[in-house]
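Colleague: My questions all concern the structure below.
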Amino acid sequence: MKNIVGENIARYRKDMGLTQEEIATKLNITCQAVSKWEKGHSSPDISLLPSLASIFSVSIDKIMGYSHNFDSRSYYEDHYNKEEYFWGVTPSTMCLKVLELLPPTKPLKLLDIGCGEGKDAVFFARCGYSVSAFDISNAGIEKTKRLADKANVYVDVFKANIWDFRLEQKFDILFSSGVLHYIKPELKEEIFLNYKEYTQTNGLNAMHCLVDKPFIREIPGKKSHSQHWKSGQLLSLYDDWYIEGCEEYVFDCHSGGVSHKHAGNRVFARKISHLE
Ligand SMILES: C[S@@+](CC[C@H](N)C(=O)[O-])C[C@H]1O[C@@H](n2cnc3c(N)ncnc32)[C@H](O)[C@@H]1O
């Protein structure tokens, strides 16, 4: 069973730069008790939850995993609730590069992280990959299922928040397009360590994020709901993998009804254990 409470305690503790010992002192308990919670070997007594919530300045619900800082209703939910496909049904160009680097000449498992309405996940399934996909949007998940049905393929699509979701089984390919900028900065390293660990040897990570560039203006008055990456930051997370490709580019975007530009970064990295 997933240790949600323990993982939340560990995450909030690290976010605040506190040690297990400091938490233990504040709660008048042993350091071992905190360690056991975080490892999932035991759970905090119910009487300690208000104090824990107060130390982390979050609600008890958040510690229990009932909600997160993020409004789990996707920013895109309203768009996805319409009949037409907001992002279209044409796969992104990144998909072609994945096909070129790791074609499905044998059974390969692929995970689409933040699949939206499923255009890329369904494309991969049509190509013969065994595809799983998740998104935070219910409407996106439904549309992904519909698109897969229409194409007569199966995609194992489920709801998850990229902040909480951690892999527990290995994939040959991890793919993500247009989503990584929703990750809280302090979670990036931990999430990518998990992604890398759960990629098969010789497997591929094909990742795209939005990057900040001083020459790209923000849209005046637009409330940002994302956390852009620094140039080179995504690549640096793969410094121990073989880099098959990395490029930055500027593209036009019309989401939200206002034309604007973004800078994007695509990284294709392969996990290699040892060269013979
Ligand atoms: C720009 S869209 C990209 C969708 C898809 N990858 C594509 O290229 O068509 C961003 C997607 O990220 C999803 N998303 C936003 N925050 C998320 C989160 N915390 N966890 C999982 N998915 C999230 C949104 O619901 C949306 O579908």
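Here, A, B, ... name the chains of the structure tokens in the order displayed, residue numbers run from 1 inside each chain, and ligands are numbered from 1 in the same displayed order.
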List every residue of chain A that has an atom at most 8 Å from any atom of ligand 1, giving for each one its closest atom pair and the distance in Å to one decimal, counting only C-alpha atoms and all ligand atoms, sorted by chain and then by ascending residue number, as JSON lines.
Modeller:
{"residue": "A:Phe70", "atom": "CA", "partner": "ligand 1", "partner_atom_place_in_ligand_line": "19 (N)", "distance": 7.1}
{"residue": "A:Ser72", "atom": "CA", "partner": "ligand 1", "partner_atom_place_in_ligand_line": "19 (N)", "distance": 7.0}
{"residue": "A:Ser74", "atom": "CA", "partner": "ligand 1", "partner_atom_place_in_ligand_line": "25 (O)", "distance": 4.7}
{"residue": "A:Tyr75", "atom": "CA", "partner": "ligand 1", "partner_atom_place_in_ligand_line": "25 (O)", "distance": 6.4}
{"residue": "A:Tyr76", "atom": "CA", "partner": "ligand 1", "partner_atom_place_in_ligand_line": "25 (O)", "distance": 5.5}
{"residue": "A:Glu77", "atom": "CA", "partner": "ligand 1", "partner_atom_place_in_ligand_line": "25 (O)", "distance": 6.8}
{"residue": "A:Trp87", "atom": "CA", "partner": "ligand 1", "partner_atom_place_in_ligand_line": "9 (O)", "distance": 5.3}
{"residue": "A:Gly88", "atom": "CA", "partner": "ligand 1", "partner_atom_place_in_ligand_line": "9 (O)", "distance": 7.7}
{"residue": "A:Pro91", "atom": "CA", "partner": "ligand 1", "partner_atom_place_in_ligand_line": "9 (O)", "distance": 7.9}
{"residue": "A:Ser92", "atom": "CA", "partner": "ligand 1", "partner_atom_place_in_ligand_line": "8 (O)", "distance": 6.7}
{"residue": "A:Asp112", "atom": "CA", "partner": "ligand 1", "partner_atom_place_in_ligand_line": "6 (N)", "distance": 7.4}
{"residue": "A:Ile113", "atom": "CA", "partner": "ligand 1", "partner_atom_place_in_ligand_line": "6 (N)", "distance": 7.0}
{"residue": "A:Gly114", "atom": "CA", "partner": "ligand 1", "partner_atom_place_in_ligand_line": "22 (N)", "distance": 4.3}
{"residue": "A:Cys115", "atom": "CA", "partner": "ligand 1", "partner_atom_place_in_ligand_line": "6 (N)", "distance": 4.2}
{"residue": "A:Gly116", "atom": "CA", "partner": "ligand 1", "partner_atom_place_in_ligand_line": "27 (O)", "distance": 3.2}
{"residue": "A:Glu117", "atom": "CA", "partner": "ligand 1", "partner_atom_place_in_ligand_line": "9 (O)", "distance": 6.1}
{"residue": "A:Gly118", "atom": "CA", "partner": "ligand 1", "partner_atom_place_in_ligand_line": "9 (O)", "distance": 6.4}
{"residue": "A:Lys119", "atom": "CA", "partner": "ligand 1", "partner_atom_place_in_ligand_line": "9 (O)", "distance": 6.0}
{"residue": "A:Asp120", "atom": "CA", "partner": "ligand 1", "partner_atom_place_in_ligand_line": "9 (O)", "distance": 6.7}
{"residue": "A:Phe134", "atom": "CA", "partner": "ligand 1", "partner_atom_place_in_ligand_line": "21 (C)", "distance": 6.8}
{"residue": "A:Asp135", "atom": "CA", "partner": "ligand 1", "partner_atom_place_in_ligand_line": "22 (N)", "distance": 4.1}
{"residue": "A:Ile136", "atom": "CA", "partner": "ligand 1", "partner_atom_place_in_ligand_line": "21 (C)", "distance": 4.1}
{"residue": "A:Ser137", "atom": "CA", "partner": "ligand 1", "partner_atom_place_in_ligand_line": "25 (O)", "distance": 4.6}
{"residue": "A:Gly140", "atom": "CA", "partner": "ligand 1", "partner_atom_place_in_ligand_line": "27 (O)", "distance": 6.2}
{"residue": "A:Lys159", "atom": "CA", "partner": "ligand 1", "partner_atom_place_in_ligand_line": "21 (C)", "distance": 7.7}
{"residue": "A:Ala160", "atom": "CA", "partner": "ligand 1", "partner_atom_place_in_ligand_line": "21 (C)", "distance": 5.7}
{"residue": "A:Asn161", "atom": "CA", "partner": "ligand 1", "partner_atom_place_in_ligand_line": "20 (N)", "distance": 3.5}
{"residue": "A:Ile162", "atom": "CA", "partner": "ligand 1", "partner_atom_place_in_ligand_line": "20 (N)", "distance": 3.8}
{"residue": "A:Trp163", "atom": "CA", "partner": "ligand 1", "partner_atom_place_in_ligand_line": "19 (N)", "distance": 5.7}
{"residue": "A:Ser176", "atom": "CA", "partner": "ligand 1", "partner_atom_place_in_ligand_line": "6 (N)", "distance": 6.1}
{"residue": "A:Ser177", "atom": "CA", "partner": "ligand 1", "partner_atom_place_in_ligand_line": "6 (N)", "distance": 4.4}
{"residue": "A:Gly178", "atom": "CA", "partner": "ligand 1", "partner_atom_place_in_ligand_line": "1 (C)", "distance": 4.4}
{"residue": "A:Val179", "atom": "CA", "partner": "ligand 1", "partner_atom_place_in_ligand_line": "12 (O)", "distance": 4.4}
{"residue": "A:Leu180", "atom": "CA", "partner": "ligand 1", "partner_atom_place_in_ligand_line": "12 (O)", "distance": 7.8}
{"residue": "A:Tyr182", "atom": "CA", "partner": "ligand 1", "partner_atom_place_in_ligand_line": "16 (N)", "distance": 5.2}
{"residue": "A:Ile183", "atom": "CA", "partner": "ligand 1", "partner_atom_place_in_ligand_line": "19 (N)", "distance": 6.6}
Colleague: Per DSSP on the backbone, what are the strand (DSSP E or B) residues of stretch 29-257 of chain A, as a PyMOL selection string?
Modeller: chain A and resi 109-113+130-135+155-159+171-176+199-211+229+242-253
Colleague: Dump as a tab-separated table the rows for residues of stretch 141-178 of chain A within 12 Å of stretch 79-83 of chain A: closest atom pair and distance in Å with one decimal, only C-alpha atoms counted, ordered by chain and rising residue number.
Modeller:
residue	atom	partner	partner_atom	distance
A:Ile141	CA	A:Tyr80	CA	9.3
A:Glu142	CA	A:Tyr80	CA	9.2
A:Lys143	CA	A:Tyr80	CA	7.7
A:Thr144	CA	A:Tyr80	CA	10.3
A:Arg146	CA	A:Glu83	CA	11.2
A:Leu147	CA	A:Glu83	CA	11.8
Colleague: Taking the DSSP assignment computed from this structure's backbone, write out as number ranges by chain all residues of stretch 40-133 of chain A that belong to helix (DSSP H, G or I).
Modeller: A: 46-56, 60-64, 77-80, 93-101, 119-127
Colleague: How about saving the chosen residues, N, CA and C atoms kept, as a short mmCIF file (atom, residue, chain, number, x, y, z; two decimals), in the first residue's frame?
Modeller:
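The resulting result.cif:
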data_model
loop_
_atom_site.label_atom_id
_atom_site.label_comp_id
_atom_site.auth_asym_id
_atom_site.auth_seq_id
_atom_site.Cartn_x
_atom_site.Cartn_y
_atom_site.Cartn_z
N ILE A 46 -3.31 10.24 16.03
CA ILE A 46 -4.28 11.25 15.59
C ILE A 46 -4.15 12.56 16.38
N SER A 47 -3.74 12.45 17.67
CA SER A 47 -3.63 13.64 18.51
C SER A 47 -2.47 14.55 18.07
N LEU A 48 -1.55 13.99 17.27
CA LEU A 48 -0.40 14.81 16.83
C LEU A 48 -0.68 15.57 15.53
N LEU A 49 -1.76 15.19 14.85
CA LEU A 49 -2.02 15.78 13.52
C LEU A 49 -2.18 17.31 13.54
N PRO A 50 -2.95 17.87 14.54
CA PRO A 50 -3.07 19.34 14.55
C PRO A 50 -1.71 20.03 14.69
N SER A 51 -0.83 19.48 15.54
CA SER A 51 0.49 20.11 15.72
C SER A 51 1.31 19.98 14.44
N LEU A 52 1.24 18.80 13.81
CA LEU A 52 1.98 18.61 12.56
C LEU A 52 1.51 19.61 11.50
N ALA A 53 0.16 19.75 11.40
CA ALA A 53 -0.41 20.67 10.41
C ALA A 53 0.05 22.09 10.70
N SER A 54 0.11 22.42 11.98
CA SER A 54 0.53 23.78 12.34
C SER A 54 2.01 24.00 12.01
N ILE A 55 2.85 22.99 12.27
CA ILE A 55 4.29 23.13 11.95
C ILE A 55 4.48 23.36 10.45
N PHE A 56 3.72 22.61 9.63
CA PHE A 56 3.90 22.71 8.18
C PHE A 56 3.04 23.81 7.55
N ILE A 60 -4.84 19.51 7.93
CA ILE A 60 -4.68 18.08 8.23
C ILE A 60 -5.03 17.27 6.97
N ASP A 61 -6.03 17.75 6.22
CA ASP A 61 -6.42 17.07 4.98
C ASP A 61 -5.22 16.89 4.05
N LYS A 62 -4.42 17.92 3.97
CA LYS A 62 -3.28 17.84 3.06
C LYS A 62 -2.27 16.80 3.53
N ILE A 63 -2.06 16.74 4.84
CA ILE A 63 -1.14 15.72 5.36
C ILE A 63 -1.70 14.33 5.07
N MET A 64 -3.03 14.20 5.22
CA MET A 64 -3.67 12.89 4.99
C MET A 64 -3.76 12.54 3.50
N GLU A 77 -9.76 21.98 -17.77
CA GLU A 77 -11.00 21.21 -17.70
C GLU A 77 -12.12 21.79 -18.58
N ASP A 78 -12.30 23.12 -18.50
CA ASP A 78 -13.38 23.74 -19.29
C ASP A 78 -13.17 23.54 -20.78
N HIS A 79 -11.93 23.69 -21.21
CA HIS A 79 -11.63 23.49 -22.65
C HIS A 79 -11.90 22.04 -23.04
N TYR A 80 -11.49 21.12 -22.19
CA TYR A 80 -11.61 19.70 -22.52
C TYR A 80 -13.07 19.24 -22.49
N THR A 93 5.45 16.52 -32.67
CA THR A 93 6.63 16.08 -33.43
C THR A 93 7.57 15.23 -32.57
N MET A 94 7.48 15.42 -31.26
CA MET A 94 8.33 14.61 -30.36
C MET A 94 8.07 13.12 -30.53
N CYS A 95 6.81 12.79 -30.88
CA CYS A 95 6.45 11.37 -31.02
C CYS A 95 7.28 10.71 -32.12
N LEU A 96 7.51 11.46 -33.19
CA LEU A 96 8.24 10.87 -34.33
C LEU A 96 9.68 10.55 -33.93
N LYS A 97 10.24 11.43 -33.11
CA LYS A 97 11.61 11.20 -32.65
C LYS A 97 11.68 9.94 -31.76
N VAL A 98 10.64 9.74 -30.95
CA VAL A 98 10.59 8.54 -30.10
C VAL A 98 10.54 7.30 -31.00
N LEU A 99 9.71 7.37 -32.03
CA LEU A 99 9.60 6.24 -32.98
C LEU A 99 10.95 5.92 -33.61
N GLU A 100 11.67 6.99 -33.92
CA GLU A 100 12.97 6.82 -34.58
C GLU A 100 14.00 6.23 -33.60
N LEU A 101 13.97 6.69 -32.34
CA LEU A 101 14.99 6.27 -31.37
C LEU A 101 14.71 4.90 -30.76
N LYS A 119 -3.89 12.80 -27.66
CA LYS A 119 -3.45 12.69 -29.06
C LYS A 119 -2.13 11.90 -29.19
N ASP A 120 -1.21 12.11 -28.26
CA ASP A 120 0.09 11.42 -28.37
C ASP A 120 -0.02 9.97 -27.87
N ALA A 121 -0.74 9.79 -26.76
CA ALA A 121 -0.90 8.43 -26.20
C ALA A 121 -1.56 7.51 -27.23
N VAL A 122 -2.59 8.02 -27.89
CA VAL A 122 -3.31 7.18 -28.86
C VAL A 122 -2.43 6.92 -30.09
N PHE A 123 -1.66 7.93 -30.49
CA PHE A 123 -0.74 7.72 -31.61
C PHE A 123 0.24 6.58 -31.28
N PHE A 124 0.80 6.62 -30.08
CA PHE A 124 1.76 5.58 -29.70
C PHE A 124 1.09 4.20 -29.67
N ALA A 125 -0.14 4.16 -29.16
CA ALA A 125 -0.85 2.88 -29.12
C ALA A 125 -1.08 2.36 -30.55
N ARG A 126 -1.41 3.26 -31.44
CA ARG A 126 -1.64 2.85 -32.84
C ARG A 126 -0.35 2.33 -33.47
N CYS A 127 0.78 2.84 -33.00
CA CYS A 127 2.07 2.39 -33.54
C CYS A 127 2.47 1.02 -32.97
#
Colleague: Per residue of stretch 74-170 of chain A within 10 Å of stretch 190-198 of chain A, record the nearest atom pair and its distance in Å to one decimal, counting only C-alpha atoms, with rows in chain order and ascending residue number, as CSV.
Modeller:
residue,atom,partner,partner_atom,distance
A:Ile162,CA,A:Ile191,CA,8.5
A:Trp163,CA,A:Ile191,CA,7.9
A:Asp164,CA,A:Ile191,CA,8.9
A:Phe165,CA,A:Ile191,CA,8.5
A:Arg166,CA,A:Asn194,CA,6.5
A:Leu167,CA,A:Tyr198,CA,6.4
A:Glu168,CA,A:Tyr198,CA,7.1
A:Gln169,CA,A:Tyr198,CA,6.2
A:Lys170,CA,A:Tyr198,CA,4.4
Colleague: Between A:Leu235, A:Lys150, A:Val34, A:Asp240, which has the minimum distance to A:Arg13 (counting only C-alpha atoms)?
Modeller: A:Val34
Colleague: Counting only C-alpha atoms, figure out which residue out of A:Gly17, A:Gly264, A:Pro185, A:Pro103 gets nearest to A:Leu210.
Modeller: A:Gly264
Colleague: Check the smallest atom-to-atom distance from each of A:Gln20, A:Ala139, A:Ser132, A:Lys188 to A:Phe158 using only C-alpha atoms, then report the winner.
Modeller: A:Ser132
Colleague: Given the choices A:Asp239, A:Phe175, A:Ser130, A:Ser259, which gets closest to A:Tyr154 if the distance is worked out from only C-alpha atoms?
Modeller: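 With only C-alpha atoms as the atom set, the closest residue is A:Ser130.
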Colleague: Provide the atom CA of A:Phe215 to atom CA of A:Leu234 distance in Å, to one decimal place.
Modeller: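 Separation between atom CA of A:Phe215 and atom CA of A:Leu234: 19.7 Å.
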